[in-house]
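Structure below is structure_1.cif: mmCIF, C-alpha atoms and all ligand atoms.
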```cif
data_structure
loop_
_atom_site.label_atom_id
_atom_site.label_comp_id
_atom_site.auth_asym_id
_atom_site.auth_seq_id
_atom_site.Cartn_x
_atom_site.Cartn_y
_atom_site.Cartn_z
CA MET X 1 1.32 -18.33 -15.34
CA THR X 2 -0.15 -19.86 -12.24
CA ARG X 3 -2.56 -17.09 -11.41
CA THR X 4 -6.16 -18.06 -11.95
CA VAL X 5 -9.17 -15.81 -11.91
CA SER X 6 -11.82 -18.33 -10.97
CA GLY X 7 -10.33 -19.15 -7.59
CA ARG X 8 -9.58 -15.58 -6.61
CA ARG X 9 -11.50 -14.52 -3.56
CA ALA X 10 -12.50 -10.89 -3.45
CA ARG X 11 -14.14 -9.01 -0.62
CA GLY X 12 -14.91 -12.19 1.25
CA ILE X 13 -16.79 -13.93 -1.53
CA LEU X 14 -15.60 -16.15 -4.32
CA CYS X 15 -14.85 -14.26 -7.48
CA ALA X 16 -16.36 -16.30 -10.25
CA CYS X 17 -15.66 -13.89 -13.08
CA ALA X 18 -14.52 -15.58 -16.25
CA VAL X 19 -13.03 -12.34 -17.54
CA GLY X 20 -9.79 -10.55 -16.80
CA LEU X 21 -8.79 -9.45 -13.32
CA ALA X 22 -9.41 -5.79 -14.03
CA ALA X 23 -12.96 -6.34 -15.23
CA CYS X 24 -13.50 -8.70 -12.33
CA LEU X 25 -12.36 -6.03 -9.89
CA ILE X 26 -14.59 -3.41 -11.46
CA SER X 27 -17.56 -5.74 -11.31
CA PHE X 28 -17.01 -6.21 -7.59
CA ALA X 29 -16.76 -2.49 -7.10
CA ALA X 30 -20.16 -2.19 -8.74
CA CYS X 31 -21.66 -4.82 -6.47
CA GLY X 32 -21.89 -2.46 -3.53
CA ASP X 33 -20.62 -3.02 -0.04
CA ASP X 34 -18.79 -6.03 1.25
CA ASP X 35 -20.15 -9.32 2.25
CA PRO X 36 -17.79 -9.87 5.17
CA THR X 37 -18.49 -13.58 5.38
CA GLY X 38 -16.74 -16.07 3.20
CA PRO X 39 -15.96 -19.75 3.25
CA THR X 40 -13.77 -19.30 6.30
CA GLY X 41 -16.03 -16.94 8.24
CA PRO X 42 -15.79 -13.23 8.93
CA GLY X 43 -12.82 -11.46 7.43
CA PRO X 44 -11.54 -7.91 7.57
CA SER X 45 -14.09 -5.17 6.84
CA SER X 46 -13.57 -2.45 4.26
CA ALA X 47 -12.78 -0.13 7.17
CA ASP X 48 -9.99 -2.51 8.19
CA TYR X 49 -8.58 -2.41 4.66
CA GLU X 50 -8.81 1.39 4.50
CA ALA X 51 -7.06 1.71 7.86
CA ALA X 52 -4.31 -0.66 6.76
CA ALA X 53 -3.73 1.32 3.57
CA LEU X 54 -3.58 4.58 5.50
CA SER X 55 -1.00 3.09 7.86
CA ILE X 56 1.48 3.44 4.95
CA THR X 57 2.49 7.01 5.76
CA GLU X 58 4.94 9.52 4.40
CA SER X 59 6.62 9.94 7.78
CA GLU X 60 7.21 6.20 8.23
CA VAL X 61 8.52 5.84 4.68
CA ARG X 62 10.84 8.79 5.24
CA GLY X 63 11.96 7.25 8.52
CA HIS X 64 12.99 3.96 6.88
CA VAL X 65 14.68 5.77 3.99
CA SER X 66 16.58 7.98 6.45
CA VAL X 67 18.06 4.88 8.09
CA LEU X 68 18.84 2.92 4.92
CA ALA X 69 20.19 5.86 2.93
CA HIS X 70 22.17 7.33 5.84
CA ASP X 71 25.85 8.05 5.21
CA SER X 72 26.72 5.40 7.81
CA MET X 73 25.38 2.74 5.40
CA TYR X 74 28.05 3.72 2.85
CA GLY X 75 25.84 3.09 -0.13
CA ARG X 76 24.82 -0.46 0.87
CA TRP X 77 27.20 -2.30 -1.42
CA SER X 78 26.78 -6.05 -1.41
CA PRO X 79 28.48 -7.92 0.06
CA GLY X 80 29.70 -5.96 3.06
CA PRO X 81 28.99 -4.98 6.66
CA GLU X 82 26.57 -2.23 5.71
CA ILE X 83 24.38 -4.50 3.60
CA GLU X 84 24.19 -6.84 6.59
CA LYS X 85 23.35 -3.91 8.88
CA SER X 86 20.62 -2.84 6.45
CA ALA X 87 19.29 -6.40 6.29
CA ARG X 88 19.08 -6.61 10.07
CA TYR X 89 17.17 -3.34 10.18
CA ILE X 90 14.61 -4.73 7.71
CA ALA X 91 14.46 -8.06 9.56
CA ASP X 92 13.79 -6.24 12.84
CA GLU X 93 10.93 -4.37 11.16
CA PHE X 94 9.51 -7.64 9.81
CA ALA X 95 9.77 -9.20 13.27
CA ALA X 96 8.12 -6.21 14.93
CA ALA X 97 5.25 -6.49 12.44
CA GLY X 98 4.82 -10.14 13.35
CA LEU X 99 5.78 -11.65 10.00
CA ARG X 100 6.86 -15.27 9.92
CA PRO X 101 10.57 -15.74 9.16
CA GLY X 102 11.08 -16.84 5.59
CA THR X 103 13.77 -19.40 6.31
CA GLY X 104 14.26 -22.11 8.90
CA THR X 105 16.93 -20.00 10.57
CA GLY X 106 15.25 -16.61 10.51
CA TYR X 107 14.54 -13.74 8.14
CA LEU X 108 17.94 -13.66 6.41
CA GLN X 109 18.50 -15.79 3.33
CA TRP X 110 22.21 -15.79 2.56
CA PHE X 111 23.69 -16.32 -0.85
CA GLN X 112 27.19 -16.13 -2.25
CA ILE X 113 28.32 -13.31 -4.54
CA GLU X 114 31.30 -14.21 -6.65
CA ALA X 115 33.89 -11.66 -7.68
CA SER X 116 32.76 -12.24 -11.24
CA GLY X 117 29.27 -11.01 -10.40
CA GLN X 118 28.16 -8.32 -12.80
CA ILE X 119 29.49 -5.06 -11.45
CA VAL X 120 27.65 -2.00 -12.70
CA ALA X 121 29.17 0.67 -10.48
CA PRO X 122 32.61 1.99 -9.67
CA ILE X 123 34.24 0.16 -6.78
CA ALA X 124 35.62 2.32 -4.02
CA SER X 125 39.22 2.14 -3.07
CA PRO X 126 39.56 0.43 0.33
CA SER X 127 41.46 3.44 1.61
CA VAL X 128 38.43 5.67 1.11
CA VAL X 129 35.75 3.71 2.93
CA PRO X 130 35.53 1.19 5.72
CA GLY X 131 34.44 -2.33 5.04
CA ASN X 132 35.21 -4.31 1.95
CA PRO X 133 33.18 -3.04 -0.98
CA GLY X 134 33.39 -5.06 -4.16
CA GLY X 135 34.55 -8.59 -4.48
CA SER X 136 32.99 -11.76 -3.24
CA GLY X 137 31.25 -12.93 -0.11
CA ALA X 138 27.93 -13.85 1.46
CA SER X 139 25.09 -11.39 1.07
CA PRO X 140 21.61 -11.47 2.59
CA ASN X 141 18.08 -11.32 1.29
CA VAL X 142 15.42 -10.64 3.91
CA VAL X 143 12.28 -12.77 3.71
CA GLY X 144 9.14 -12.66 5.83
CA TRP X 145 5.66 -13.90 5.13
CA ILE X 146 2.05 -14.10 6.26
CA GLU X 147 0.19 -17.36 5.91
CA GLY X 148 -3.17 -17.10 4.18
CA SER X 149 -6.38 -17.79 6.07
CA ASP X 150 -8.26 -19.82 3.46
CA PRO X 151 -7.27 -23.51 3.58
CA SER X 152 -8.08 -23.90 -0.11
CA LEU X 153 -6.04 -20.84 -1.19
CA ARG X 154 -3.25 -20.41 1.35
CA ASP X 155 -0.89 -22.58 -0.70
CA GLU X 156 -0.90 -19.78 -3.28
CA HIS X 157 0.84 -16.49 -2.64
CA VAL X 158 1.95 -13.12 -3.94
CA VAL X 159 5.60 -12.04 -3.56
CA PHE X 160 6.35 -8.35 -2.97
CA THR X 161 9.97 -7.45 -3.79
CA ALA X 162 12.30 -4.47 -3.38
CA HIS X 163 16.09 -4.41 -3.48
CA PHE X 164 17.82 -2.67 -0.59
CA ASP X 165 21.39 -2.72 -1.89
CA HIS X 166 22.96 0.15 -3.80
CA ILE X 167 26.24 0.97 -5.50
CA GLY X 168 28.51 1.76 -2.57
CA THR X 169 30.93 4.64 -2.70
CA ALA X 170 32.83 6.62 -5.31
CA PRO X 171 36.58 6.19 -5.77
CA VAL X 172 36.97 9.96 -5.87
CA ALA X 173 35.02 12.45 -3.77
CA SER X 174 33.01 15.24 -5.37
CA PRO X 175 34.12 18.88 -4.93
CA THR X 176 31.84 19.05 -1.89
CA GLY X 177 33.53 16.03 -0.34
CA ASP X 178 30.67 13.60 -0.95
CA TYR X 179 31.63 10.11 -1.99
CA ILE X 180 28.65 8.10 -0.75
CA TYR X 181 25.98 6.87 -3.12
CA ASN X 182 23.09 7.05 -0.65
CA GLY X 183 20.53 5.50 -2.96
CA ALA X 184 17.51 7.15 -1.33
CA ASP X 185 15.35 6.62 -4.39
CA ASP X 186 17.34 3.59 -5.63
CA ASN X 187 16.07 1.77 -3.73
CA ALA X 188 15.59 2.79 -0.12
CA SER X 189 12.25 4.16 -1.37
CA GLY X 190 10.93 0.81 -2.55
CA THR X 191 12.36 -0.99 0.49
CA ALA X 192 10.62 1.47 2.83
CA ALA X 193 7.34 0.89 1.01
CA LEU X 194 7.89 -2.88 1.20
CA ILE X 195 8.28 -2.67 4.99
CA GLU X 196 5.15 -0.52 5.24
CA ILE X 197 3.14 -2.86 2.99
CA ALA X 198 4.17 -5.79 5.16
CA GLU X 199 3.08 -3.93 8.27
CA ALA X 200 -0.22 -3.03 6.62
CA PHE X 201 -0.99 -6.67 5.80
CA ALA X 202 0.09 -7.75 9.28
CA SER X 203 -2.22 -5.14 10.85
CA LEU X 204 -5.36 -6.72 9.42
CA PRO X 205 -7.55 -8.47 12.02
CA ALA X 206 -7.34 -11.65 9.92
CA PRO X 207 -4.87 -12.65 7.20
CA PRO X 208 -5.97 -12.54 3.57
CA ALA X 209 -7.09 -15.76 1.87
CA ARG X 210 -3.79 -16.32 0.07
CA SER X 211 -0.34 -16.07 1.63
CA VAL X 212 1.92 -13.06 1.10
CA VAL X 213 5.73 -13.09 0.92
CA PHE X 214 7.86 -9.99 1.47
CA LEU X 215 11.31 -10.24 -0.10
CA ALA X 216 13.98 -7.55 0.25
CA THR X 217 16.93 -8.41 -1.95
CA SER X 218 20.61 -7.51 -2.06
CA GLY X 219 22.95 -7.92 -5.00
CA GLU X 220 20.45 -6.31 -7.38
CA GLU X 221 22.95 -3.74 -8.54
CA ARG X 222 25.36 -6.56 -9.39
CA GLY X 223 22.89 -8.28 -11.67
CA LEU X 224 19.67 -9.13 -9.77
CA LEU X 225 21.70 -11.65 -7.78
CA GLY X 226 19.50 -11.80 -4.66
CA ALA X 227 16.29 -12.17 -6.64
CA LEU X 228 17.86 -14.81 -8.88
CA HIS X 229 18.96 -16.69 -5.78
CA TYR X 230 15.45 -16.52 -4.32
CA ALA X 231 14.01 -17.74 -7.61
CA THR X 232 16.20 -20.84 -7.42
CA ASP X 233 15.64 -21.35 -3.69
CA PRO X 234 12.24 -19.80 -2.92
CA THR X 235 10.63 -19.76 0.51
CA LEU X 236 7.41 -21.01 -1.07
CA PRO X 237 7.34 -22.79 -4.45
CA LEU X 238 7.33 -20.51 -7.48
CA THR X 239 4.72 -22.79 -9.02
CA SER X 240 2.29 -21.41 -6.44
CA THR X 241 3.39 -17.79 -6.83
CA VAL X 242 0.35 -15.96 -8.19
CA ALA X 243 2.29 -12.80 -8.99
CA ASN X 244 5.30 -10.68 -8.10
CA ILE X 245 4.87 -6.97 -7.30
CA ASN X 246 8.24 -5.25 -7.52
CA LEU X 247 9.03 -1.77 -6.17
CA ASP X 248 12.21 -0.12 -7.46
CA MET X 249 12.75 3.66 -7.42
CA ILE X 250 9.31 4.99 -6.54
CA GLY X 251 9.95 8.46 -5.13
CA ARG X 252 10.97 10.85 -7.90
CA ASN X 253 9.55 12.67 -10.94
CA ASP X 254 5.85 13.50 -11.47
CA PRO X 255 4.13 13.13 -8.07
CA ALA X 256 0.87 11.93 -9.62
CA THR X 257 2.03 9.07 -11.83
CA VAL X 258 4.02 5.85 -11.62
CA ARG X 259 5.06 3.46 -14.33
CA ALA X 260 3.31 0.11 -14.16
CA ILE X 261 5.67 -2.09 -16.13
CA HIS X 262 4.87 -5.65 -17.12
CA ARG X 263 5.11 -8.09 -19.96
CA THR X 264 2.79 -7.53 -22.86
CA ASP X 265 0.81 -10.68 -22.07
CA SER X 266 0.13 -9.67 -18.46
CA ASP X 267 -3.09 -8.11 -17.19
CA LEU X 268 -1.45 -6.71 -14.05
CA GLY X 269 -1.20 -3.28 -15.67
CA ASP X 270 -4.97 -3.31 -16.13
CA LEU X 271 -5.38 -4.33 -12.51
CA ALA X 272 -3.18 -1.46 -11.32
CA ARG X 273 -5.20 0.94 -13.42
CA SER X 274 -8.49 -0.40 -12.05
CA VAL X 275 -7.24 -0.15 -8.48
CA SER X 276 -6.14 3.45 -9.02
CA LEU X 277 -9.60 4.32 -10.36
CA LEU X 278 -11.28 2.69 -7.36
CA HIS X 279 -8.92 4.45 -4.97
CA GLU X 280 -8.58 7.95 -6.36
CA GLU X 281 -7.67 9.08 -2.84
CA ILE X 282 -4.21 7.61 -3.43
CA GLY X 283 -3.58 10.27 -6.07
CA ILE X 284 -1.40 8.08 -8.29
CA THR X 285 -2.22 7.18 -11.89
CA PRO X 286 -0.28 4.20 -13.26
CA ILE X 287 1.20 4.69 -16.70
CA ASP X 288 0.92 1.34 -18.39
CA VAL X 289 4.22 0.19 -19.90
CA ALA X 290 4.26 -3.20 -21.58
CA ASP X 291 7.95 -3.46 -22.28
CA ASN X 292 10.21 -6.49 -22.11
CA THR X 293 13.40 -4.44 -21.86
CA LEU X 294 12.35 -2.51 -18.76
CA VAL X 295 11.11 -5.58 -16.93
CA GLN X 296 14.59 -7.10 -17.32
CA ARG X 297 16.20 -4.27 -15.35
CA SER X 298 14.90 -5.08 -11.91
CA ASP X 299 14.14 -8.02 -9.63
CA CYS X 300 10.82 -8.76 -11.31
CA TRP X 301 12.84 -10.30 -14.12
CA ALA X 302 13.94 -13.19 -11.89
CA PHE X 303 10.26 -14.11 -11.56
CA ILE X 304 9.20 -13.42 -15.14
CA ALA X 305 12.09 -15.51 -16.46
CA ARG X 306 10.63 -18.43 -14.51
CA GLY X 307 7.11 -17.92 -15.76
CA VAL X 308 5.70 -15.88 -12.87
CA ASP X 309 3.64 -12.85 -13.80
CA ALA X 310 5.00 -9.58 -12.39
CA LEU X 311 4.18 -5.91 -12.00
CA PHE X 312 7.07 -3.47 -11.69
CA LEU X 313 6.18 -0.10 -10.14
CA HIS X 314 8.83 2.51 -10.95
CA SER X 315 8.83 6.30 -10.99
CA GLY X 316 11.39 6.63 -13.77
CA LEU X 317 15.06 7.56 -14.11
CA HIS X 318 16.40 11.03 -13.26
CA ASP X 319 19.62 13.04 -13.27
CA ASP X 320 20.60 11.68 -9.85
CA TYR X 321 20.20 8.05 -10.90
CA HIS X 322 23.31 6.19 -9.67
CA GLY X 323 24.73 9.57 -8.68
CA LEU X 324 25.96 11.13 -5.46
CA ASP X 325 22.84 13.29 -5.20
CA ASP X 326 20.32 10.47 -4.82
CA GLU X 327 19.84 11.84 -1.31
CA VAL X 328 17.02 11.64 1.21
CA ASP X 329 16.20 15.34 0.93
CA ARG X 330 15.61 14.97 -2.81
CA LEU X 331 13.17 12.10 -2.37
CA ASP X 332 9.43 12.64 -2.69
CA SER X 333 8.56 10.40 0.23
CA GLU X 334 4.91 11.43 -0.05
CA LYS X 335 4.89 9.88 -3.52
CA ALA X 336 6.77 6.80 -2.34
CA ALA X 337 4.13 6.25 0.36
CA ALA X 338 1.34 6.73 -2.18
CA VAL X 339 2.90 4.20 -4.57
CA GLY X 340 3.18 1.88 -1.57
CA ARG X 341 -0.55 2.29 -0.91
CA LEU X 342 -1.30 1.56 -4.57
CA ALA X 343 0.87 -1.55 -4.45
CA TRP X 344 -0.86 -2.63 -1.24
CA TRP X 345 -4.32 -2.40 -2.81
CA VAL X 346 -3.15 -4.22 -5.94
CA GLY X 347 -1.62 -6.98 -3.85
CA LEU X 348 -4.72 -7.18 -1.70
CA GLU X 349 -6.88 -7.77 -4.77
CA LEU X 350 -4.67 -10.74 -5.63
CA VAL X 351 -4.72 -12.37 -2.21
CA ARG X 352 -7.99 -11.59 -0.43
ZN ZN X 401 20.25 1.14 -9.24
#
```
With the file now loaded, output its structure as C-alpha cells.
Amino acid sequence: MTRTVSGRRARGILCACAVGLAACLISFAACGDDDPTGPTGPGPSSADYEAAALSITESEVRGHVSVLAHDSMYGRWSPGPEIEKSARYIADEFAAAGLRPGTGTGYLQWFQIEASGQIVAPIASPSVVPGNPGGSGASPNVVGWIEGSDPSLRDEHVVFTAHFDHIGTAPVASPTGDYIYNGADDNASGTAALIEIAEAFASLPAPPARSVVFLATSGEERGLLGALHYATDPTLPLTSTVANINLDMIGRNDPATVRAIHRTDSDLGDLARSVSLLHEEIGITPIDVADNTLVQRSDCWAFIARGVDALFLHSGLHDDYHGLDDEVDRLDSEKAAAVGRLAWWVGLELVR
C-alpha cells in the first residue's frame, strides 16, 4: 500500500495523526472549524465542500442514467458502436467539467478485446440488433483527472472507477418484446455518480492537495478488461495511487445502506463509516464487508491485485441483476446520488 497517514492533508492543515485514517478523521472533526490556510495558501472552505457535495443531485444522476441506459445504447456491449457512443458522452461530460484529458490524445484510452475475452452474458444474434455485439475489437476507457494543488502531494492521487459497459442484448425477446439489457443499475448508476463526483471536485475554487483520476471502464462484464488495461497502462503511476474508490451498482435495495467492500487489511471501510457519521445528512450507512471474493467481482480488483488499496461501494444484487428489467424506472436514483455524495466525501478525505 502506498497510502500514508502522516502526509495526508486534512482541512487545510497537515494531518499528523499516527493512528488509522478513521480515527484521524474523527479527531479532525473534533477540532472544530477549518483552518483554511495550509502550506499552499487558502483552500476551499467548508461551505465550498458542502456546496460541491450537494451538486451531486438525484436529477443529474437520473439524467446521466437515462442517456446511458436508453434503449438506443443497446445494452452497451463492448466492443461496439454503442460503447463508443457511451464513452463519448462521458468524455463530453468530463470536458464540460474542465477535467484534464487522461491520455495524450484525449479522454479515451483504447484497448483491444480479444474474442477469447471472458464472456459472461448471452451474445445477441446479429439479426436482432444493430452493431456487432460480441467478438473482438477496440474498446474505450474514459479517463480525466484534476491535478492536485500541493506541490509536495500532487504526485499522489486517488482513482475513482465505474464501469459503463453492460451485457448487450438478449438472443430472444421477452414476451413483452424487450431484448435490451439496459443496465440502469449495472452500472449506469455508478457511472452517473462518477461523472457527478468529477464535476463536484472540478467545482471547487481550488483543487485538492492530491490529484484525482476519474476512470470509466468498458469491458468489465467480459472480465474487468478495461480496468486491467488501465492497471497495466495507467495515466498516473499506480505506485502513487493512494486508493481506488469503485462504484458498481449503487441504486437498488435498502435506500439507507450501501455495502463498503474492501480487503480485510484495509481501513477504507472504517473511513467510509466515519465519513457517514460526520455527514448524517447523506442518509447512507455503509455496511462494512471485508471479503476477498466480492472485491474480485468488480474493477477494484485490478487495483487490489497490484497492491493498491480499494473501497468498493455496491448496493447489492437483486432479481433484475443481468436481467431485462434493470431499467431506469426501477432505479433508486436518489440513493445513487447519495452514495455518490458519500464517495465524494470519502475521496475528499484522501486527497485534501
Ligand atoms: Zn454486471
Select, from X:Val212, X:Ile197, X:Leu313, X:Ala96, the residue with the minimum atom-to-atom distance to Ile245 of chain X, counting all atoms listed in the file.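 Residue with the minimum atom-to-atom distance to Ile245 of chain X: X:Leu313.
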Nearest-residue call for Asp155 of chain X, choices X:Ala216, X:Ala305, X:Cys300, X:Val351, using only C-alpha atoms: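 Residue with the minimum atom-to-atom distance to Asp155 of chain X: X:Val351.
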Give me, as JSON lines, the closest atom pair and its distance (Å, one decimal) for every residue of chain X within a cut-off of 8 Å of ligand ZN 401 (chain X), counting all atoms listed in the file, rows sorted by chain and rising number.
```
{"residue": "X:His166", "atom": "CA", "partner": "X:ZN401", "partner_atom": "ZN", "distance": 6.2}
{"residue": "X:Ile167", "atom": "CA", "partner": "X:ZN401", "partner_atom": "ZN", "distance": 7.1}
{"residue": "X:Gly183", "atom": "CA", "partner": "X:ZN401", "partner_atom": "ZN", "distance": 7.7}
{"residue": "X:Asp186", "atom": "CA", "partner": "X:ZN401", "partner_atom": "ZN", "distance": 5.2}
{"residue": "X:Asn187", "atom": "CA", "partner": "X:ZN401", "partner_atom": "ZN", "distance": 6.9}
{"residue": "X:Glu220", "atom": "CA", "partner": "X:ZN401", "partner_atom": "ZN", "distance": 7.7}
{"residue": "X:Glu221", "atom": "CA", "partner": "X:ZN401", "partner_atom": "ZN", "distance": 5.6}
{"residue": "X:Tyr321", "atom": "CA", "partner": "X:ZN401", "partner_atom": "ZN", "distance": 7.1}
{"residue": "X:His322", "atom": "CA", "partner": "X:ZN401", "partner_atom": "ZN", "distance": 5.9}
```
Using only C-alpha atoms, can you tell me which of X:Ile113, X:Ile83, X:Leu194, X:Leu348 comes closest to Arg210 of chain X?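 Smallest separation from Arg210 of chain X among the options: X:Leu348.
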Atomic distance atom CA of Ser136 of chain X - atom CA of Ser174 of chain X, expressed in Å with one decimal: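 Value for the atom CA of Ser136 of chain X-atom CA of Ser174 of chain X distance: 27.1 Å.
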